[in-house]
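Containing mmCIF, C-alpha atoms: structure.cif.
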```cif
data_run
#
loop_
_atom_site.group_PDB
_atom_site.id
_atom_site.type_symbol
_atom_site.label_atom_id
_atom_site.label_comp_id
_atom_site.auth_asym_id
_atom_site.auth_seq_id
_atom_site.Cartn_x
_atom_site.Cartn_y
_atom_site.Cartn_z
ATOM 1 C CA MET A 1 -82.337 18.530 91.837
ATOM 2 C CA SER A 2 -85.460 20.513 92.787
ATOM 3 C CA THR A 3 -84.291 20.591 96.433
ATOM 4 C CA LEU A 4 -80.905 21.926 95.260
ATOM 5 C CA ARG A 5 -82.579 24.640 93.213
ATOM 6 C CA GLN A 6 -84.699 25.649 96.175
ATOM 7 C CA ARG A 7 -81.597 25.986 98.350
ATOM 8 C CA LEU A 8 -79.754 28.095 95.768
ATOM 9 C CA SER A 9 -80.310 31.770 95.422
ATOM 10 C CA PRO A 10 -81.420 33.141 92.060
ATOM 11 C CA ARG A 11 -77.850 34.129 91.331
ATOM 12 C CA GLY A 12 -76.616 30.638 92.207
ATOM 13 C CA ARG A 13 -79.237 29.091 89.966
ATOM 14 C CA ARG A 14 -78.095 31.302 87.108
ATOM 15 C CA LEU A 15 -74.453 30.303 87.659
ATOM 16 C CA LEU A 16 -75.443 26.616 87.766
ATOM 17 C CA ALA A 17 -77.376 26.940 84.533
ATOM 18 C CA ILE A 18 -74.476 28.758 82.875
ATOM 19 C CA SER A 19 -72.040 26.041 84.065
ATOM 20 C CA ILE A 20 -74.236 23.256 82.696
ATOM 21 C CA LEU A 21 -74.621 25.082 79.375
ATOM 22 C CA ALA A 22 -70.847 25.643 79.157
ATOM 23 C CA ALA A 23 -70.187 21.964 79.852
ATOM 24 C CA ILE A 24 -72.680 20.953 77.145
ATOM 25 C CA ILE A 25 -70.950 23.263 74.658
ATOM 26 C CA LEU A 26 -67.336 22.550 75.632
ATOM 27 C CA LEU A 27 -67.506 18.743 75.782
ATOM 28 C CA PRO A 28 -68.144 18.277 72.027
ATOM 29 C CA ILE A 29 -65.525 20.922 71.269
ATOM 30 C CA ALA A 30 -62.997 19.091 73.435
ATOM 31 C CA GLY A 31 -63.800 15.792 71.679
ATOM 32 C CA ILE A 32 -63.350 17.370 68.262
ATOM 33 C CA ALA A 33 -60.074 18.971 69.373
ATOM 34 C CA ALA A 34 -58.785 15.614 70.649
ATOM 35 C CA LEU A 35 -59.643 13.944 67.341
ATOM 36 C CA ALA A 36 -57.973 16.731 65.396
ATOM 37 C CA TRP A 37 -54.826 16.538 67.546
ATOM 38 C CA THR A 38 -54.641 12.758 67.078
ATOM 39 C CA GLY A 39 -55.044 13.123 63.319
ATOM 40 C CA HIS A 40 -52.387 15.831 63.090
ATOM 41 C CA ARG A 41 -49.974 13.706 65.101
ATOM 42 C CA HIS A 42 -50.526 10.747 62.766
ATOM 43 C CA TYR A 43 -49.902 12.852 59.679
ATOM 44 C CA ASP A 44 -46.879 14.534 61.268
ATOM 45 C CA ASP A 45 -45.313 11.125 61.917
ATOM 46 C CA ALA A 46 -46.026 10.015 58.363
ATOM 47 C CA LEU A 47 -44.597 13.267 56.991
ATOM 48 C CA PHE A 48 -41.445 12.859 59.096
ATOM 49 C CA LYS A 49 -40.893 9.304 57.812
ATOM 50 C CA MET A 50 -41.447 10.354 54.202
ATOM 51 C CA THR A 51 -39.065 13.296 54.601
ATOM 52 C CA ARG A 52 -36.365 11.054 56.040
ATOM 53 C CA GLN A 53 -36.877 8.547 53.222
ATOM 54 C CA LEU A 54 -36.664 11.338 50.640
ATOM 55 C CA LYS A 55 -33.376 12.571 52.100
ATOM 56 C CA SER A 56 -31.956 9.046 52.076
ATOM 57 C CA GLN A 57 -32.981 8.440 48.459
ATOM 58 C CA SER A 58 -31.687 11.856 47.418
ATOM 59 C CA SER A 59 -28.303 11.060 48.968
ATOM 60 C CA ALA A 60 -28.220 7.712 47.151
ATOM 61 C CA ASN A 61 -29.116 9.387 43.841
ATOM 62 C CA ALA A 62 -26.406 11.995 44.370
ATOM 63 C CA ALA A 63 -23.826 9.257 44.957
ATOM 64 C CA ARG A 64 -24.992 7.181 41.967
ATOM 65 C CA PRO A 65 -22.533 8.642 39.391
ATOM 66 C CA GLN A 66 -19.577 7.976 41.675
ATOM 67 C CA MET A 67 -20.835 4.458 42.393
ATOM 68 C CA LEU A 68 -21.186 3.725 38.673
ATOM 69 C CA GLU A 69 -17.686 5.039 38.064
ATOM 70 C CA THR A 70 -16.335 2.782 40.826
ATOM 71 C CA VAL A 71 -18.154 -0.206 39.350
ATOM 72 C CA GLU A 72 -16.641 0.472 35.933
ATOM 73 C CA LEU A 73 -13.172 0.671 37.492
ATOM 74 C CA LEU A 74 -13.718 -2.634 39.248
ATOM 75 C CA LYS A 75 -14.887 -4.236 36.008
ATOM 76 C CA GLY A 76 -11.612 -3.243 34.386
ATOM 77 C CA LYS A 77 -9.534 -4.939 37.083
ATOM 78 C CA ASP A 78 -8.498 -8.554 37.219
ATOM 79 C CA ILE A 79 -10.571 -9.858 40.131
ATOM 80 C CA LYS A 80 -9.606 -13.493 39.613
ATOM 81 C CA LYS A 81 -6.561 -13.008 41.823
ATOM 82 C CA TYR A 82 -8.823 -12.430 44.817
ATOM 83 C CA PHE A 83 -10.403 -15.906 44.585
ATOM 84 C CA LEU A 84 -9.203 -19.447 45.075
ATOM 85 C CA LYS A 85 -8.448 -21.173 41.780
ATOM 86 C CA GLY A 86 -9.610 -24.714 42.537
ATOM 87 C CA GLY A 87 -12.394 -25.747 40.195
ATOM 88 C CA THR A 88 -13.765 -28.398 42.560
ATOM 89 C CA PRO A 89 -14.427 -28.283 46.329
ATOM 90 C CA ALA A 90 -11.545 -30.691 46.923
ATOM 91 C CA LEU A 91 -9.017 -28.647 44.928
ATOM 92 C CA ALA A 92 -10.130 -25.278 46.324
ATOM 93 C CA GLY A 93 -10.139 -26.660 49.865
ATOM 94 C CA ALA A 94 -6.642 -28.087 49.423
ATOM 95 C CA GLU A 95 -5.433 -24.734 48.061
ATOM 96 C CA LEU A 96 -6.860 -22.928 51.095
ATOM 97 C CA GLN A 97 -5.236 -25.348 53.524
ATOM 98 C CA GLU A 98 -1.863 -25.123 51.776
ATOM 99 C CA LEU A 99 -1.920 -21.313 51.781
ATOM 100 C CA VAL A 100 -2.720 -21.064 55.495
ATOM 101 C CA LYS A 101 -0.182 -23.744 56.407
ATOM 102 C CA SER A 102 2.524 -22.033 54.348
ATOM 103 C CA ILE A 103 1.847 -18.637 55.948
ATOM 104 C CA ALA A 104 1.886 -20.143 59.443
ATOM 105 C CA GLU A 105 5.173 -21.940 58.885
ATOM 106 C CA GLN A 106 6.786 -18.872 57.320
ATOM 107 C CA ASN A 107 6.022 -16.990 60.548
ATOM 108 C CA SER A 108 7.410 -19.651 62.944
ATOM 109 C CA GLY A 109 4.072 -21.306 63.667
ATOM 110 C CA ARG A 110 3.932 -25.065 64.229
ATOM 111 C CA VAL A 111 0.836 -26.389 62.466
ATOM 112 C CA LEU A 112 -0.631 -29.300 64.407
ATOM 113 C CA SER A 113 -3.638 -30.143 62.246
ATOM 114 C CA VAL A 114 -5.751 -28.809 59.393
ATOM 115 C CA GLN A 115 -9.337 -29.997 58.903
ATOM 116 C CA SER A 116 -11.680 -29.082 56.072
ATOM 117 C CA LEU A 117 -15.203 -27.884 56.833
ATOM 118 C CA PRO A 118 -18.306 -28.290 54.619
ATOM 119 C CA HIS A 119 -18.365 -25.772 51.785
ATOM 120 C CA LYS A 120 -21.292 -23.498 50.978
ATOM 121 C CA ASP A 121 -22.515 -22.519 47.496
ATOM 122 C CA ALA A 122 -24.570 -19.345 47.040
ATOM 123 C CA ASP A 123 -25.035 -16.617 44.402
ATOM 124 C CA GLY A 124 -22.493 -18.066 41.990
ATOM 125 C CA TYR A 125 -19.685 -18.421 44.548
ATOM 126 C CA ARG A 126 -18.367 -21.198 46.773
ATOM 127 C CA GLN A 127 -17.104 -20.605 50.308
ATOM 128 C CA LEU A 128 -14.386 -23.022 51.410
ATOM 129 C CA SER A 129 -13.605 -23.267 55.125
ATOM 130 C CA ALA A 130 -11.057 -25.053 57.303
ATOM 131 C CA THR A 131 -10.048 -25.279 60.956
ATOM 132 C CA VAL A 132 -6.329 -24.888 61.678
ATOM 133 C CA GLN A 133 -4.689 -25.789 64.984
ATOM 134 C CA MET A 134 -1.176 -24.539 65.675
ATOM 135 C CA SER A 135 1.286 -23.681 68.396
ATOM 136 C CA VAL A 136 2.642 -20.164 68.092
ATOM 137 C CA SER A 137 3.750 -17.188 70.167
ATOM 138 C CA VAL A 138 1.710 -13.989 70.320
ATOM 139 C CA PRO A 139 4.113 -11.864 68.173
ATOM 140 C CA ASN A 140 4.246 -14.573 65.507
ATOM 141 C CA LEU A 141 0.461 -14.953 65.637
ATOM 142 C CA ARG A 142 0.189 -11.239 64.955
ATOM 143 C CA SER A 143 2.436 -11.655 61.918
ATOM 144 C CA ILE A 144 0.346 -14.600 60.672
ATOM 145 C CA LEU A 145 -2.904 -12.628 60.949
ATOM 146 C CA TYR A 146 -1.366 -9.681 59.114
ATOM 147 C CA ALA A 147 -0.088 -11.950 56.335
ATOM 148 C CA LEU A 148 -3.523 -13.562 55.963
ATOM 149 C CA GLU A 149 -5.191 -10.151 55.794
ATOM 150 C CA SER A 150 -2.814 -8.607 53.242
ATOM 151 C CA ARG A 151 -2.314 -11.476 50.792
ATOM 152 C CA GLU A 152 -4.112 -12.565 47.619
ATOM 153 C CA PRO A 153 -6.310 -14.515 47.210
ATOM 154 C CA TYR A 154 -8.361 -13.173 50.090
ATOM 155 C CA ILE A 155 -8.463 -15.358 53.186
ATOM 156 C CA PHE A 156 -10.867 -14.546 56.004
ATOM 157 C CA VAL A 157 -10.438 -15.413 59.683
ATOM 158 C CA ASP A 158 -13.933 -16.369 60.862
ATOM 159 C CA GLY A 159 -12.965 -17.503 64.363
ATOM 160 C CA LEU A 160 -9.930 -17.390 66.628
ATOM 161 C CA LYS A 161 -9.331 -19.094 69.965
ATOM 162 C CA VAL A 162 -6.061 -18.725 71.885
ATOM 163 C CA THR A 163 -5.327 -20.963 74.872
ATOM 164 C CA SER A 164 -2.317 -20.204 77.045
ATOM 165 C CA GLN A 165 0.003 -23.126 77.731
ATOM 166 C CA ALA A 166 1.706 -21.334 80.623
ATOM 167 C CA GLY A 167 0.497 -21.489 84.183
ATOM 168 C CA PHE A 168 -1.426 -18.715 85.919
ATOM 169 C CA GLY A 169 0.864 -15.839 86.872
ATOM 170 C CA PHE A 170 3.738 -17.131 84.756
ATOM 171 C CA LYS A 171 6.424 -14.524 84.112
ATOM 172 C CA PRO A 172 9.130 -15.347 81.551
ATOM 173 C CA ALA A 173 12.719 -14.717 82.489
ATOM 174 C CA PRO A 174 14.429 -11.724 80.875
ATOM 175 C CA GLY A 175 15.725 -12.646 77.428
ATOM 176 C CA ALA A 176 13.793 -15.938 77.349
ATOM 177 C CA PRO A 177 12.008 -16.869 74.105
ATOM 178 C CA GLU A 178 8.337 -16.060 73.756
ATOM 179 C CA VAL A 179 5.944 -18.651 75.166
ATOM 180 C CA GLU A 180 3.928 -20.484 72.528
ATOM 181 C CA HIS A 181 0.167 -20.779 72.873
ATOM 182 C CA PHE A 182 -2.365 -23.202 71.430
ATOM 183 C CA VAL A 183 -4.323 -21.469 68.660
ATOM 184 C CA GLN A 184 -7.419 -22.731 66.874
ATOM 185 C CA MET A 185 -8.390 -20.672 63.872
ATOM 186 C CA ASP A 186 -11.306 -20.961 61.442
ATOM 187 C CA VAL A 187 -10.409 -19.611 58.003
ATOM 188 C CA SER A 188 -12.302 -19.364 54.737
ATOM 189 C CA GLY A 189 -11.795 -18.390 51.104
ATOM 190 C CA ILE A 190 -14.045 -17.770 48.122
ATOM 191 C CA ALA A 191 -13.975 -19.497 44.745
ATOM 192 C CA PRO A 192 -16.247 -18.703 41.782
ATOM 193 C CA LEU A 193 -18.526 -21.477 40.679
ATOM 194 C CA ALA A 194 -17.709 -22.748 37.207
ATOM 195 C CA VAL A 195 -20.422 -22.071 34.658
ATOM 196 C CA VAL A 196 -21.499 -25.372 33.173
ATOM 197 C CA GLU A 197 -22.850 -24.968 29.666
ATOM 198 C CA ALA A 198 -25.705 -27.167 28.530
ATOM 199 C CA PRO A 199 -24.578 -29.837 26.056
ATOM 200 C CA THR A 200 -25.576 -29.129 22.486
ATOM 201 C CA THR A 201 -28.002 -31.613 20.997
ATOM 202 C CA THR A 202 -26.562 -33.547 18.067
ATOM 203 C CA THR A 203 -28.717 -35.018 15.370
ATOM 204 C CA SER A 204 -28.349 -38.605 14.341
ATOM 205 C CA ALA A 205 -26.792 -39.494 11.039
ATOM 206 C CA SER A 206 -30.104 -40.537 9.646
ATOM 207 C CA ALA A 207 -31.930 -37.364 10.763
ATOM 208 C CA GLY A 208 -31.313 -35.578 7.487
ATOM 209 C CA LYS A 209 -32.041 -38.535 5.233
ATOM 210 C CA SER A 210 -35.360 -39.158 3.584
ATOM 211 C CA PRO A 211 -37.254 -42.254 4.657
ATOM 212 C CA ALA A 212 -36.513 -45.461 2.838
ATOM 213 C CA ASN A 213 -38.444 -46.071 -0.374
ATOM 214 C CA THR A 214 -41.176 -48.528 0.486
ATOM 215 C CA GLU A 215 -42.748 -48.575 -2.980
ATOM 216 C CA PRO A 216 -43.041 -52.213 -4.092
ATOM 217 C CA LYS A 217 -40.837 -53.165 -6.985
ATOM 218 C CA LYS A 218 -42.379 -54.264 -10.246
ATOM 219 C CA SER A 219 -41.622 -57.657 -11.620
ATOM 220 C CA ALA A 220 -40.187 -58.234 -15.056
ATOM 221 C CA GLY A 221 -43.662 -58.710 -16.489
ATOM 222 C CA GLY A 222 -44.886 -55.425 -15.198
ATOM 223 C CA LYS A 223 -46.888 -56.960 -12.304
ATOM 224 C CA THR A 224 -46.262 -56.398 -8.663
#
```

In structure tokens, how does this file's structure come out?
Amino acid sequence: MSTLRQRLSPRGRRLLAISILAAIILLPIAGIAALAWTGHRHYDDALFKMTRQLKSQSSANAARPQMLETVELLKGKDIKKYFLKGGTPALAGAELQELVKSIAEQNSGRVLSVQSLPHKDADGYRQLSATVQMSVSVPNLRSILYALESREPYIFVDGLKVTSQAGFGFKPAPGAPEVEHFVQMDVSGIAPLAVVEAPTTTTSASAGKSPANTEPKKSAGGKT
């Protein structure tokens, strides 16, 4: 360092001293500025999230009266028609199978098999499911899906698999009937769980009677 100072002119030494002093002053300022920028960025992100949450909650609060009005309208409707009526899994499952089979046959579908699937109970409702295999043409399959979607009680199509029974590149002759395809369809319906009331406790016939008199009887002479 002393050798460097000797080589520098007085003006160079002054510039070197000024540069060192500026570095000593600016480095802490730069560190403080970096910390302040990081802090502001953190608070800006938090403010943005809170603002977005406030807008979302404000929108929900604004829609609350309309939602309550819709709920009241739904309460006044008969919603039982949207559910399967079977009180047990066996009855509700049989009702589901019969409905799907009837709709398929009404729309020229040949039902090959119907198999029940395990039911699921949750939140006061029971989901009944079944797998249906049929042979049907594409136009008739479209009619079956529309009938399932638009009927009551509600029936949901959870899975659909269509396998062509015609060869690759098959072209039907003009005026020929539609080719039938193998269709496997998973359907489900919802049934409300019956509320089972707890049996009322009944008291025995002797519950309200006083205990038997155990006082010893006196003999004719007045002695026990």

Written as a PDB file with C-alpha atoms, in the frame of the given file, what is the full residue list that the PyMOL selection byres ((chain A and resi 104-111) around 6) yields on the file shown?
```
ATOM      1  CA  LYS A 101      -0.182 -23.744  56.407  1.00  0.00           C
ATOM      2  CA  SER A 102       2.524 -22.033  54.348  1.00  0.00           C
ATOM      3  CA  ILE A 103       1.847 -18.637  55.948  1.00  0.00           C
ATOM      4  CA  LEU A 112      -0.631 -29.300  64.407  1.00  0.00           C
ATOM      5  CA  SER A 113      -3.638 -30.143  62.246  1.00  0.00           C
ATOM      6  CA  MET A 134      -1.176 -24.539  65.675  1.00  0.00           C
ATOM      7  CA  SER A 135       1.286 -23.681  68.396  1.00  0.00           C
ATOM      8  CA  VAL A 136       2.642 -20.164  68.092  1.00  0.00           C
ATOM      9  CA  ASN A 140       4.246 -14.573  65.507  1.00  0.00           C
ATOM     10  CA  ILE A 144       0.346 -14.600  60.672  1.00  0.00           C
TER      11      ILE A 144
END
```

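Atom pair CA of Ile25 in chain A / CA of Pro10 in chain A: separated by 22.6 Å.
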
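The coordinates place CA of Val138 in chain A at 12.7 Å from CA of Leu160 in chain A.
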
Which residues are close to Leu84 in chain A, i.e. within 9 Å by all atoms listed in the file, leaving aside same-chain residues fewer than 2 positions away? Reply as an NGL selection string.
:A and (80-82 or 86-87 or 92-93 or 95-96 or 128 or 152-154 or 189-192)

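Using all atoms listed in the file, the nearest neighbour of Met185 in chain A within the list A:Ser150, A:Thr131, A:Thr38, A:Ser164 is A:Thr131.
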
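Computed from the coordinates, the CA of Val157 in chain A to CA of Asp186 in chain A distance equals 5.9 Å.
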
Translate the PyMOL selection byres ((chain A and resi 116) around 7) into a concrete residue list for this structure, as a PyMOL selection string.
chain A and resi 93+114-115+117-118+129-131

Result set of the PyMOL selection byres ((chain A and resi 162) around 6) on the coordinates above, as number ranges by chain:
A: 161, 163, 182-183

Requested write-out: C-alpha atoms of the selected residues, as a JSON list (two decimals), in the coordinates of the input:
```
[["chain", "number", "residue", "atom", "x", "y", "z"],
["A", 161, "LYS", "CA", -9.33, -19.09, 69.96],
["A", 163, "THR", "CA", -5.33, -20.96, 74.87],
["A", 182, "PHE", "CA", -2.37, -23.20, 71.43],
["A", 183, "VAL", "CA", -4.32, -21.47, 68.66]]
```

Closest of A:Val179, A:Leu193, A:Met50, A:Leu73 to Pro139 in chain A - atom-to-atom distances counting all atoms listed in the file:
A:Val179
